[in-house]
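Trainee: Please find query23.cif (mmCIF, C-alpha atoms and all ligand atoms) on the next line:
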```
data_upload
#
loop_
_atom_site.group_PDB
_atom_site.id
_atom_site.type_symbol
_atom_site.label_atom_id
_atom_site.label_comp_id
_atom_site.auth_asym_id
_atom_site.auth_seq_id
_atom_site.Cartn_x
_atom_site.Cartn_y
_atom_site.Cartn_z
ATOM 1 C CA VAL A 15 40.894 -64.461 -29.429
ATOM 2 C CA ARG A 16 37.207 -63.559 -29.729
ATOM 3 C CA SER A 17 35.854 -60.322 -28.371
ATOM 4 C CA TYR A 18 32.382 -58.893 -27.881
ATOM 5 C CA LEU A 19 32.135 -55.234 -28.789
ATOM 6 C CA LYS A 20 29.147 -53.275 -27.553
ATOM 7 C CA ILE A 21 28.083 -50.855 -30.280
ATOM 8 C CA GLN A 22 24.920 -49.439 -28.721
ATOM 9 C CA ASP A 23 22.847 -49.381 -25.537
ATOM 10 C CA GLY A 24 19.138 -48.849 -24.793
ATOM 11 C CA CYS A 25 16.183 -49.565 -27.044
ATOM 12 C CA ASN A 26 13.519 -47.600 -28.920
ATOM 13 C CA SER A 27 10.962 -50.424 -28.976
ATOM 14 C CA PHE A 28 8.565 -51.060 -26.148
ATOM 15 C CA CYS A 29 7.845 -54.768 -26.298
ATOM 16 C CA SER A 30 5.107 -55.410 -23.772
ATOM 17 C CA PHE A 31 7.117 -57.969 -21.754
ATOM 18 C CA CYS A 32 10.409 -56.085 -21.513
ATOM 19 C CA VAL A 33 11.846 -53.723 -18.879
ATOM 20 C CA ILE A 34 14.917 -52.708 -20.886
ATOM 21 C CA PRO A 35 13.582 -49.453 -22.397
ATOM 22 C CA PHE A 36 12.679 -48.325 -18.840
ATOM 23 C CA ALA A 37 15.965 -49.483 -17.326
ATOM 24 C CA ARG A 38 18.357 -48.456 -20.095
ATOM 25 C CA GLY A 39 16.574 -45.601 -21.864
ATOM 26 C CA LYS A 40 16.547 -44.744 -25.553
ATOM 27 C CA SER A 41 18.989 -46.234 -27.999
ATOM 28 C CA ARG A 42 22.440 -44.610 -28.104
ATOM 29 C CA SER A 43 25.140 -45.716 -30.514
ATOM 30 C CA LEU A 44 28.911 -45.416 -30.409
ATOM 31 C CA PRO A 45 30.305 -43.462 -33.367
ATOM 32 C CA VAL A 46 31.706 -45.393 -36.328
ATOM 33 C CA PRO A 47 35.268 -43.967 -36.065
ATOM 34 C CA ALA A 48 35.535 -44.902 -32.361
ATOM 35 C CA LEU A 49 34.352 -48.438 -33.127
ATOM 36 C CA LEU A 50 36.777 -48.837 -36.035
ATOM 37 C CA SER A 51 39.697 -47.726 -33.927
ATOM 38 C CA ARG A 52 38.663 -50.023 -31.047
ATOM 39 C CA MET A 53 38.492 -52.943 -33.500
ATOM 40 C CA ARG A 54 41.959 -52.149 -34.838
ATOM 41 C CA GLU A 55 43.268 -52.094 -31.245
ATOM 42 C CA LEU A 56 41.618 -55.431 -30.460
ATOM 43 C CA HIS A 57 43.024 -56.981 -33.624
ATOM 44 C CA ALA A 58 46.510 -55.654 -32.743
ATOM 45 C CA GLN A 59 46.127 -57.395 -29.362
ATOM 46 C CA GLY A 60 45.468 -60.730 -31.092
ATOM 47 C CA VAL A 61 41.689 -60.756 -31.344
ATOM 48 C CA GLN A 62 40.644 -62.594 -34.514
ATOM 49 C CA GLU A 63 36.876 -62.401 -34.236
ATOM 50 C CA ILE A 64 34.679 -59.540 -33.077
ATOM 51 C CA VAL A 65 31.008 -59.987 -32.242
ATOM 52 C CA LEU A 66 28.964 -56.799 -32.512
ATOM 53 C CA THR A 67 26.622 -56.685 -29.533
ATOM 54 C CA GLY A 68 24.261 -54.282 -27.827
ATOM 55 C CA VAL A 69 20.842 -54.201 -26.271
ATOM 56 C CA HIS A 70 19.219 -53.893 -29.713
ATOM 57 C CA ILE A 71 21.851 -53.699 -32.468
ATOM 58 C CA GLY A 72 19.145 -53.242 -35.113
ATOM 59 C CA ASP A 73 18.625 -49.768 -33.589
ATOM 60 C CA TYR A 74 22.260 -48.839 -34.315
ATOM 61 C CA CYS A 75 22.463 -45.359 -35.803
ATOM 62 C CA ASP A 76 25.412 -42.974 -35.853
ATOM 63 C CA SER A 77 24.131 -39.713 -37.294
ATOM 64 C CA GLU A 78 26.887 -37.458 -35.997
ATOM 65 C CA THR A 79 30.070 -38.569 -37.717
ATOM 66 C CA LEU A 80 31.324 -39.205 -41.255
ATOM 67 C CA GLY A 81 28.283 -37.451 -42.736
ATOM 68 C CA GLY A 82 25.917 -40.193 -41.439
ATOM 69 C CA PRO A 83 23.375 -41.488 -40.701
ATOM 70 C CA PHE A 84 25.184 -44.805 -40.473
ATOM 71 C CA LEU A 85 22.960 -47.782 -39.722
ATOM 72 C CA LEU A 86 24.063 -51.283 -38.747
ATOM 73 C CA GLU A 87 24.489 -52.297 -42.400
ATOM 74 C CA ASP A 88 26.729 -49.242 -42.971
ATOM 75 C CA LEU A 89 28.773 -49.985 -39.865
ATOM 76 C CA VAL A 90 29.332 -53.558 -41.069
ATOM 77 C CA GLU A 91 30.380 -52.257 -44.492
ATOM 78 C CA GLN A 92 32.813 -49.820 -42.862
ATOM 79 C CA VAL A 93 34.333 -52.537 -40.653
ATOM 80 C CA LEU A 94 34.834 -54.885 -43.595
ATOM 81 C CA ARG A 95 36.309 -52.105 -45.720
ATOM 82 C CA ASN A 96 38.450 -50.290 -43.156
ATOM 83 C CA THR A 97 39.757 -52.906 -40.742
ATOM 84 C CA ASP A 98 41.606 -56.204 -41.205
ATOM 85 C CA ILE A 99 39.719 -58.088 -38.532
ATOM 86 C CA PRO A 100 39.547 -61.633 -39.967
ATOM 87 C CA ARG A 101 36.071 -62.423 -38.662
ATOM 88 C CA LEU A 102 33.070 -60.297 -37.822
ATOM 89 C CA ARG A 103 29.882 -61.703 -36.321
ATOM 90 C CA LEU A 104 26.521 -60.138 -35.517
ATOM 91 C CA SER A 105 24.442 -60.822 -32.412
ATOM 92 C CA SER A 106 20.623 -60.685 -32.241
ATOM 93 C CA LEU A 107 18.547 -59.226 -35.043
ATOM 94 C CA GLU A 108 14.831 -59.012 -35.714
ATOM 95 C CA PRO A 109 13.385 -60.259 -39.027
ATOM 96 C CA ILE A 110 12.646 -56.774 -40.368
ATOM 97 C CA GLU A 111 16.237 -55.700 -39.684
ATOM 98 C CA LEU A 112 17.536 -58.006 -42.424
ATOM 99 C CA THR A 113 17.797 -55.354 -45.104
ATOM 100 C CA ASP A 114 19.027 -56.097 -48.624
ATOM 101 C CA LYS A 115 22.186 -54.130 -47.922
ATOM 102 C CA LEU A 116 22.902 -56.061 -44.728
ATOM 103 C CA LEU A 117 22.287 -59.391 -46.461
ATOM 104 C CA GLU A 118 24.644 -58.356 -49.277
ATOM 105 C CA GLN A 119 27.457 -57.842 -46.768
ATOM 106 C CA PHE A 120 27.462 -61.600 -46.140
ATOM 107 C CA HIS A 121 29.067 -62.099 -49.569
ATOM 108 C CA ASN A 122 32.250 -61.030 -47.795
ATOM 109 C CA PRO A 123 33.644 -64.241 -46.234
ATOM 110 C CA ARG A 124 34.898 -62.246 -43.227
ATOM 111 C CA LEU A 125 31.300 -61.700 -42.100
ATOM 112 C CA CYS A 126 30.426 -65.007 -40.460
ATOM 113 C CA PRO A 127 27.342 -66.767 -41.896
ATOM 114 C CA HIS A 128 25.599 -66.842 -38.540
ATOM 115 C CA PHE A 129 22.284 -65.169 -37.742
ATOM 116 C CA HIS A 130 20.652 -64.924 -34.355
ATOM 117 C CA MET A 131 17.022 -63.933 -34.717
ATOM 118 C CA SER A 132 14.970 -62.763 -31.718
ATOM 119 C CA LEU A 133 11.594 -64.035 -32.903
ATOM 120 C CA GLN A 134 9.778 -64.750 -29.604
ATOM 121 C CA SER A 135 6.781 -66.281 -31.409
ATOM 122 C CA LEU A 136 5.707 -67.332 -34.902
ATOM 123 C CA SER A 137 2.039 -66.542 -34.325
ATOM 124 C CA THR A 138 0.951 -63.068 -35.447
ATOM 125 C CA PRO A 139 -1.686 -62.500 -32.699
ATOM 126 C CA VAL A 140 0.907 -63.406 -30.040
ATOM 127 C CA LEU A 141 3.490 -61.112 -31.684
ATOM 128 C CA GLN A 142 0.894 -58.329 -31.605
ATOM 129 C CA GLY A 143 0.286 -58.940 -27.880
ATOM 130 C CA MET A 144 4.044 -58.727 -27.368
ATOM 131 C CA ARG A 145 4.092 -55.484 -29.396
ATOM 132 C CA ARG A 146 6.775 -56.863 -31.646
ATOM 133 C CA GLN A 147 7.092 -54.934 -34.885
ATOM 134 C CA TYR A 148 6.714 -57.803 -37.368
ATOM 135 C CA THR A 149 4.294 -60.564 -38.314
ATOM 136 C CA ALA A 150 4.684 -64.309 -38.802
ATOM 137 C CA ASP A 151 4.800 -63.683 -42.593
ATOM 138 C CA GLN A 152 7.857 -61.472 -42.101
ATOM 139 C CA VAL A 153 9.486 -64.169 -39.959
ATOM 140 C CA GLU A 154 8.843 -66.661 -42.765
ATOM 141 C CA TRP A 155 10.346 -64.275 -45.308
ATOM 142 C CA ALA A 156 13.464 -63.744 -43.146
ATOM 143 C CA LEU A 157 14.121 -67.430 -42.451
ATOM 144 C CA LYS A 158 13.486 -68.507 -46.033
ATOM 145 C CA THR A 159 15.553 -65.655 -47.477
ATOM 146 C CA ILE A 160 18.532 -66.604 -45.302
ATOM 147 C CA ALA A 161 18.144 -70.275 -46.278
ATOM 148 C CA GLU A 162 17.956 -69.416 -49.958
ATOM 149 C CA LYS A 163 20.871 -66.979 -50.031
ATOM 150 C CA TRP A 164 23.090 -68.588 -47.364
ATOM 151 C CA PRO A 165 22.063 -72.250 -47.038
ATOM 152 C CA GLN A 166 25.153 -72.978 -44.934
ATOM 153 C CA ALA A 167 24.373 -70.286 -42.347
ATOM 154 C CA PHE A 168 23.800 -71.165 -38.690
ATOM 155 C CA VAL A 169 20.478 -69.664 -37.611
ATOM 156 C CA GLY A 170 19.759 -69.393 -33.895
ATOM 157 C CA LEU A 171 16.328 -68.278 -32.670
ATOM 158 C CA ASP A 172 14.906 -66.939 -29.404
ATOM 159 C CA VAL A 173 11.350 -68.049 -28.669
ATOM 160 C CA ILE A 174 9.179 -67.348 -25.601
ATOM 161 C CA THR A 175 6.483 -69.886 -24.655
ATOM 162 C CA GLY A 176 3.275 -69.196 -22.739
ATOM 163 C CA PHE A 177 3.053 -65.445 -23.281
ATOM 164 C CA PRO A 178 -0.410 -64.208 -22.153
ATOM 165 C CA GLY A 179 -2.908 -64.961 -24.917
ATOM 166 C CA GLU A 180 -0.849 -67.806 -26.410
ATOM 167 C CA SER A 181 -3.724 -70.273 -26.731
ATOM 168 C CA GLU A 182 -3.149 -73.912 -27.558
ATOM 169 C CA ALA A 183 -3.961 -73.084 -31.197
ATOM 170 C CA PHE A 184 -1.478 -70.171 -31.329
ATOM 171 C CA PHE A 185 1.239 -72.315 -29.757
ATOM 172 C CA HIS A 186 0.610 -74.974 -32.390
ATOM 173 C CA GLU A 187 0.939 -72.355 -35.116
ATOM 174 C CA THR A 188 4.385 -71.527 -33.749
ATOM 175 C CA TYR A 189 5.301 -75.199 -33.365
ATOM 176 C CA GLU A 190 4.177 -76.205 -36.850
ATOM 177 C CA ARG A 191 5.903 -73.254 -38.480
ATOM 178 C CA LEU A 192 9.098 -74.076 -36.631
ATOM 179 C CA GLN A 193 8.808 -77.647 -37.870
ATOM 180 C CA ALA A 194 8.427 -76.427 -41.450
ATOM 181 C CA TRP A 195 10.771 -73.434 -41.685
ATOM 182 C CA PRO A 196 14.602 -73.412 -41.803
ATOM 183 C CA TRP A 197 16.728 -72.668 -38.708
ATOM 184 C CA THR A 198 19.450 -74.433 -36.678
ATOM 185 C CA ARG A 199 18.834 -74.040 -32.933
ATOM 186 C CA ILE A 200 16.259 -72.413 -30.646
ATOM 187 C CA HIS A 201 16.887 -70.783 -27.279
ATOM 188 C CA VAL A 202 13.567 -71.275 -25.528
ATOM 189 C CA PHE A 203 12.374 -69.204 -22.580
ATOM 190 C CA PRO A 204 9.118 -69.853 -20.717
ATOM 191 C CA TYR A 205 7.463 -66.446 -20.277
ATOM 192 C CA SER A 206 8.059 -64.784 -16.913
ATOM 193 C CA GLU A 207 6.387 -61.572 -15.771
ATOM 194 C CA ARG A 208 8.428 -58.414 -15.291
ATOM 195 C CA GLU A 209 6.946 -55.909 -12.875
ATOM 196 C CA GLY A 210 5.786 -52.652 -14.424
ATOM 197 C CA THR A 211 5.446 -53.999 -17.979
ATOM 198 C CA ARG A 212 2.227 -53.880 -20.015
ATOM 199 C CA ALA A 213 2.159 -57.650 -20.350
ATOM 200 C CA THR A 214 1.402 -57.978 -16.638
ATOM 201 C CA GLN A 215 -1.963 -56.251 -17.351
ATOM 202 C CA LEU A 216 -2.955 -58.900 -19.910
ATOM 203 C CA THR A 217 -5.659 -61.227 -18.689
ATOM 204 C CA GLU A 218 -5.284 -64.454 -20.691
ATOM 205 C CA VAL A 219 -2.492 -65.730 -18.483
ATOM 206 C CA VAL A 220 -1.012 -69.109 -19.400
ATOM 207 C CA PRO A 221 -0.389 -71.306 -16.308
ATOM 208 C CA ILE A 222 3.304 -71.793 -15.478
ATOM 209 C CA PRO A 223 3.255 -75.611 -15.988
ATOM 210 C CA VAL A 224 1.852 -75.044 -19.512
ATOM 211 C CA ARG A 225 4.570 -72.484 -20.285
ATOM 212 C CA ARG A 226 7.172 -75.013 -19.139
ATOM 213 C CA HIS A 227 5.613 -77.896 -21.045
ATOM 214 C CA ARG A 228 5.600 -75.863 -24.270
ATOM 215 C CA ALA A 229 9.215 -74.873 -23.646
ATOM 216 C CA LYS A 230 10.084 -78.566 -23.275
ATOM 217 C CA LEU A 231 8.390 -79.371 -26.597
ATOM 218 C CA LEU A 232 10.348 -76.654 -28.385
ATOM 219 C CA ARG A 233 13.624 -77.712 -26.768
ATOM 220 C CA GLU A 234 13.036 -81.243 -28.017
ATOM 221 C CA LEU A 235 12.294 -79.915 -31.490
ATOM 222 C CA SER A 236 15.475 -77.830 -31.338
ATOM 223 C CA ALA A 237 17.626 -80.786 -30.227
ATOM 224 C CA GLU A 238 16.227 -82.918 -33.048
ATOM 225 C CA ARG A 239 16.906 -80.259 -35.690
ATOM 226 C CA TYR A 240 20.368 -79.498 -34.306
ATOM 227 C CA ASP A 241 21.345 -83.177 -34.335
ATOM 228 C CA GLN A 242 20.083 -83.602 -37.883
ATOM 229 C CA LEU A 243 21.937 -80.534 -39.183
ATOM 230 C CA ALA A 244 25.096 -81.492 -37.290
ATOM 231 C CA VAL A 245 25.122 -84.847 -39.077
ATOM 232 C CA ASN A 246 24.701 -83.006 -42.399
ATOM 233 C CA GLN A 247 28.024 -81.237 -41.735
ATOM 234 C CA LEU A 248 29.990 -84.509 -42.049
ATOM 235 C CA GLY A 249 32.550 -84.382 -44.840
ATOM 236 C CA GLN A 250 32.378 -80.599 -45.158
ATOM 237 C CA ALA A 251 35.446 -78.370 -45.184
ATOM 238 C CA LYS A 252 35.335 -75.558 -42.629
ATOM 239 C CA GLN A 253 37.530 -72.690 -41.561
ATOM 240 C CA VAL A 254 37.951 -72.759 -37.771
ATOM 241 C CA LEU A 255 39.423 -70.404 -35.191
ATOM 242 C CA THR A 256 41.362 -72.110 -32.392
ATOM 243 C CA ILE A 257 39.880 -71.172 -29.009
ATOM 244 C CA LYS A 258 41.595 -73.306 -26.364
ATOM 245 C CA PRO A 259 43.613 -76.500 -25.981
ATOM 246 C CA LEU A 260 41.895 -79.577 -24.566
ATOM 247 C CA PRO A 261 43.583 -82.599 -22.923
ATOM 248 C CA ASP A 262 45.357 -85.206 -25.070
ATOM 249 C CA GLY A 263 46.390 -82.937 -27.953
ATOM 250 C CA TYR A 264 42.940 -81.711 -28.997
ATOM 251 C CA TRP A 265 41.817 -78.159 -29.662
ATOM 252 C CA ARG A 266 38.432 -76.598 -29.227
ATOM 253 C CA ALA A 267 37.715 -74.389 -32.231
ATOM 254 C CA LEU A 268 34.806 -72.424 -33.646
ATOM 255 C CA SER A 269 33.795 -72.529 -37.289
ATOM 256 C CA GLN A 270 32.705 -69.426 -39.163
ATOM 257 C CA ASP A 271 29.214 -70.893 -39.261
ATOM 258 C CA TYR A 272 29.211 -71.205 -35.440
ATOM 259 C CA TRP A 273 29.703 -74.918 -34.923
ATOM 260 C CA ASP A 274 31.875 -76.004 -32.000
ATOM 261 C CA VAL A 275 34.575 -78.203 -33.498
ATOM 262 C CA VAL A 276 37.095 -80.426 -31.695
ATOM 263 C CA VAL A 277 40.264 -81.121 -33.701
ATOM 264 C CA PRO A 278 43.266 -83.318 -32.893
ATOM 265 C CA ALA A 279 46.030 -80.827 -33.594
ATOM 266 C CA PRO A 280 49.827 -80.597 -33.837
ATOM 267 C CA ALA A 281 51.661 -79.427 -30.700
ATOM 268 C CA ASN A 282 52.641 -76.138 -32.357
ATOM 269 C CA TRP A 283 49.068 -74.794 -32.634
ATOM 270 C CA HIS A 284 48.163 -71.694 -30.614
ATOM 271 C CA ALA A 285 44.939 -69.965 -29.637
ATOM 272 C CA GLY A 286 43.776 -67.455 -32.231
ATOM 273 C CA GLU A 287 44.894 -69.307 -35.351
ATOM 274 C CA ILE A 288 42.706 -69.911 -38.350
ATOM 275 C CA HIS A 289 42.910 -73.375 -39.920
ATOM 276 C CA GLN A 290 41.083 -75.428 -42.514
ATOM 277 C CA VAL A 291 39.556 -78.682 -41.275
ATOM 278 C CA ARG A 292 37.256 -81.396 -42.599
ATOM 279 C CA ILE A 293 34.345 -82.504 -40.410
ATOM 280 C CA GLN A 294 34.436 -86.188 -39.524
ATOM 281 C CA GLY A 295 31.905 -86.762 -36.785
ATOM 282 C CA TYR A 296 29.320 -85.393 -34.398
ATOM 283 C CA GLN A 297 29.393 -85.976 -30.660
ATOM 284 C CA ARG A 298 25.967 -85.460 -29.165
ATOM 285 C CA ALA A 299 26.199 -84.036 -25.624
ATOM 286 C CA GLN A 300 24.383 -85.565 -22.665
ATOM 287 C CA SER A 301 22.351 -82.386 -22.245
ATOM 288 C CA ARG A 302 21.522 -82.491 -25.980
ATOM 289 C CA ILE A 303 22.276 -78.769 -26.080
ATOM 290 C CA ASN A 304 25.983 -78.443 -26.627
ATOM 291 C CA GLY A 305 26.976 -81.211 -28.986
ATOM 292 C CA PHE A 306 30.126 -80.647 -31.011
ATOM 293 C CA LEU A 307 31.585 -81.669 -34.342
ATOM 294 C CA THR A 308 34.876 -83.513 -34.644
ATOM 295 C CA ALA A 309 37.272 -82.862 -37.496
ATOM 296 C CA GLU A 310 40.654 -83.606 -38.974
ATOM 297 C CA VAL A 311 43.085 -80.963 -40.161
ATOM 298 C CA SER A 312 42.936 -80.499 -43.929
ATOM 299 C CA ALA A 313 46.156 -80.991 -45.858
HETATM 300 S S1 LIG B 401 12.729 -57.157 -26.175
HETATM 301 FE FE1 LIG B 401 14.453 -56.219 -27.272
HETATM 302 S S2 LIG B 401 13.440 -54.932 -28.831
HETATM 303 FE FE2 LIG B 401 11.862 -55.398 -27.303
HETATM 304 S S3 LIG B 401 11.937 -53.676 -25.854
HETATM 305 FE FE3 LIG B 401 13.268 -55.293 -25.032
HETATM 306 S S4 LIG B 401 15.322 -54.778 -25.788
HETATM 307 FE FE4 LIG B 401 13.854 -53.615 -27.026
#
```
Is it possible to express this structure as structure tokens?
Ligand code: SF4

Mentor:
Amino acid sequence: VRSYLKIQDGCNSFCSFCVIPFARGKSRSLPVPALLSRMRELHAQGVQEIVLTGVHIGDYCDSETLGGPFLLEDLVEQVLRNTDIPRLRLSSLEPIELTDKLLEQFHNPRLCPHFHMSLQSLSTPVLQGMRRQYTADQVEWALKTIAEKWPQAFVGLDVITGFPGESEAFFHETYERLQAWPWTRIHVFPYSEREGTRATQLTEVVPIPVRRHRAKLLRELSAERYDQLAVNQLGQAKQVLTIKPLPDGYWRALSQDYWDVVVPAPANWHAGEIHQVRIQGYQRAQSRINGFLTAEVSA
């Protein structure tokens, strides 16, 4: 009932830690008409939600069809205008890829209010060492703009700890900014070297135990924030998509704003249905990573 649709492959950036541009080559995008027709096919087969994925979807560019160039924001506009897919979701973006036009598309309720931002660090010197194309100020702008325009949005982040040159002070910059700025959950990765990348030439190597310790601190921060925001969902009405039945008459469902929701449901529910529910509780998971909300069906 949910489907990932790869819209591009390869990448035009050369982040210093990443092998993808060497392994996958330059960015290539599937043409808009082919993607629209694939989405119509998927919807006809019962798919209710499509997630646009790729190696770097912010590089999406179809310049060969429909009098392009069509960028990601144009593709999203075309999908919302020319298909009936009930839900569309975007995968990873970088802060500078949040254009005004892309942000405007989120006024359409079919585009799920869910952002996944590949930030990697919130310290400008570390971002420069990584050869990322934005600064901490641009990260701040992106996170605060999302929070202001779409306060209900789920905002996932990717952050790497212990990249070469990430001093104690630079890590604390990242930590303190994360404490202060709005987001929902962080996927944390301790830095690991990839052979043949520029980052392996950098000298200020952070010892592995320090990388892991910093990752642990950020995971704890993430779990705390996630728990707090999950509790804030109580009482809210949400539209959910049924994913799969669970034992004892429950359904696992996914809200538009990316919360896992467990609902006690009538026997005649099926996978791939969209229902309105009201959030009643939050069940924190043992791992403190995959907690879920509980809900009742709205009248
Ligand atoms: S990290 Fe992402 S943006 Fe950077 S080179 Fe790799 S795929 Fe491209």

Trainee: Can you write out as a tab-separated table which residues of chain A fall within 6 Å of ligand LIG 401 (chain B), alongside each residue's closest atom pair and its distance in Å to one decimal, counting all atoms listed in the file and ordering rows by chain and ascending residue number?

Mentor:
```
residue	atom	partner	partner_atom	distance
A:Cys25	CA	B:LIG401	FE4	4.7
A:Ser27	CA	B:LIG401	S3	4.6
A:Phe28	CA	B:LIG401	S3	4.3
A:Cys29	CA	B:LIG401	FE2	4.2
A:Cys32	CA	B:LIG401	FE3	4.6
A:Ile34	CA	B:LIG401	FE3	5.2
A:Pro35	CA	B:LIG401	S3	5.7
A:Val69	CA	B:LIG401	S4	5.6
A:His70	CA	B:LIG401	S4	5.6
```

Trainee: What is the distance between CA of Ala285 in chain A and CA of Gly170 in chain A, in Å to one decimal?

Mentor: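 According to the coordinates, CA of Ala285 in chain A and CA of Gly170 in chain A are separated by 25.5 Å.
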
Trainee: Could you list, as a ChimeraX atom specification, every residue within 10 Å of Arg42 in chain A, counting only C-alpha atoms and ignoring same-chain residues fewer than 4 positions away?

Mentor: /A:21-26,38,68-70,73-76

Trainee: Quick one: pull the distance between CA of Ala58 in chain A and CA of His284 in chain A, Å, one decimal.

Mentor: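 Separation of CA of Ala58 in chain A and CA of His284 in chain A: 16.3 Å.
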
Trainee: Evaluate the PyMOL selection byres (((chain A and resi 239) around 12) and not hetatm) and record the selected residues as a PyMOL selection string, following the chain and residue labels used in the document.

Mentor: chain A and resi 168-170+192-200+232-238+240-246+302-303

Trainee: Just how far from CA of Thr97 in chain A is CA of Pro45 in chain A, in Å to one decimal?

Mentor: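 About the pair CA of Pro45 in chain A and CA of Thr97 in chain A: they are 15.3 Å apart.
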
Trainee: Could you tell me which of A:Ile257, A:Met144, A:Leu125, A:Ala167 comes closest to Arg95 in chain A if we count all atoms listed in the file?

Mentor: A:Leu125

Trainee: Identify all residues satisfying the PyMOL selection byres (((chain A and resi 128) around 12) and not hetatm) in the given file; provide them as an NGL selection string.

Mentor: :A and (65 or 101-107 or 117 or 120 or 123-127 or 129-131 or 160-161 or 164-171 or 197-199 or 268-273)

Trainee: Would you save the residues from that selection as a compact mmCIF listing (two decimals), in the frame of the given file, using C-alpha atoms?

Mentor:
```txt
# COMPACT_ATOMS: atom_id res chain seq x y z
CA VAL A 65 31.01 -59.99 -32.24
CA ARG A 101 36.07 -62.42 -38.66
CA LEU A 102 33.07 -60.30 -37.82
CA ARG A 103 29.88 -61.70 -36.32
CA LEU A 104 26.52 -60.14 -35.52
CA SER A 105 24.44 -60.82 -32.41
CA SER A 106 20.62 -60.68 -32.24
CA LEU A 107 18.55 -59.23 -35.04
CA LEU A 117 22.29 -59.39 -46.46
CA PHE A 120 27.46 -61.60 -46.14
CA PRO A 123 33.64 -64.24 -46.23
CA ARG A 124 34.90 -62.25 -43.23
CA LEU A 125 31.30 -61.70 -42.10
CA CYS A 126 30.43 -65.01 -40.46
CA PRO A 127 27.34 -66.77 -41.90
CA PHE A 129 22.28 -65.17 -37.74
CA HIS A 130 20.65 -64.92 -34.35
CA MET A 131 17.02 -63.93 -34.72
CA ILE A 160 18.53 -66.60 -45.30
CA ALA A 161 18.14 -70.28 -46.28
CA TRP A 164 23.09 -68.59 -47.36
CA PRO A 165 22.06 -72.25 -47.04
CA GLN A 166 25.15 -72.98 -44.93
CA ALA A 167 24.37 -70.29 -42.35
CA PHE A 168 23.80 -71.17 -38.69
CA VAL A 169 20.48 -69.66 -37.61
CA GLY A 170 19.76 -69.39 -33.90
CA LEU A 171 16.33 -68.28 -32.67
CA TRP A 197 16.73 -72.67 -38.71
CA THR A 198 19.45 -74.43 -36.68
CA ARG A 199 18.83 -74.04 -32.93
CA LEU A 268 34.81 -72.42 -33.65
CA SER A 269 33.80 -72.53 -37.29
CA GLN A 270 32.70 -69.43 -39.16
CA ASP A 271 29.21 -70.89 -39.26
CA TYR A 272 29.21 -71.20 -35.44
CA TRP A 273 29.70 -74.92 -34.92
```

Trainee: Determine the residue set returned by the PyMOL selection byres (((chain A and resi 137) around 6) and not hetatm) for the present structure, and present it as a ChimeraX atom specification.

Mentor: /A:135-136,138-140,150,184,187-188

Trainee: Restricting the calculation to all atoms listed in the file: of A:Ser30, A:Ser17, A:Gln59, A:Gln119, which residue gets closest to Gly210 in chain A?

Mentor: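 So, comparing all the options, the nearest one is A:Ser30.
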
Trainee: Listed atoms of range 276-284 of chain A, axis-aligned box, 5 Å per side: centre and edge lengths to one decimal in Å, as JSON?

Mentor:
```
{"center_x": 44.9, "center_y": -77.5, "center_z": -32.2, "size_x": 25.5, "size_y": 21.6, "size_z": 13.2}
```

Trainee: Pick out the residues sitting within 10 Å of Leu85 in chain A, and hand them over as a compact mmCIF listing (two decimals) with C-alpha atoms, in the frame of the given file; count only C-alpha atoms, and ignore anything fewer than 2 positions along from it in its own chain.

Mentor:
```txt
# COMPACT_ATOMS: atom_id res chain seq x y z
CA SER A 43 25.14 -45.72 -30.51
CA VAL A 46 31.71 -45.39 -36.33
CA ILE A 71 21.85 -53.70 -32.47
CA GLY A 72 19.14 -53.24 -35.11
CA ASP A 73 18.62 -49.77 -33.59
CA TYR A 74 22.26 -48.84 -34.32
CA CYS A 75 22.46 -45.36 -35.80
CA ASP A 76 25.41 -42.97 -35.85
CA SER A 77 24.13 -39.71 -37.29
CA GLY A 82 25.92 -40.19 -41.44
CA PRO A 83 23.38 -41.49 -40.70
CA GLU A 87 24.49 -52.30 -42.40
CA ASP A 88 26.73 -49.24 -42.97
CA LEU A 89 28.77 -49.98 -39.86
CA VAL A 90 29.33 -53.56 -41.07
CA GLU A 91 30.38 -52.26 -44.49
CA LEU A 116 22.90 -56.06 -44.73
```

Trainee: Between A:Leu80, A:Val61, A:Val277, A:Val219, which is the closest to Gly143 in chain A once you count all atoms listed in the file?

Mentor: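 Using all atoms listed in the file, the shortest distance to Gly143 in chain A belongs to A:Val219.
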
Trainee: Find the spatial neighbours of Leu133 in chain A, counting only C-alpha atoms, within a cut-off of 8 Å - ignore same-chain residues fewer than 6 positions away - and output them as a PyMOL selection string.

Mentor: chain A and resi 108-109+153+171-173
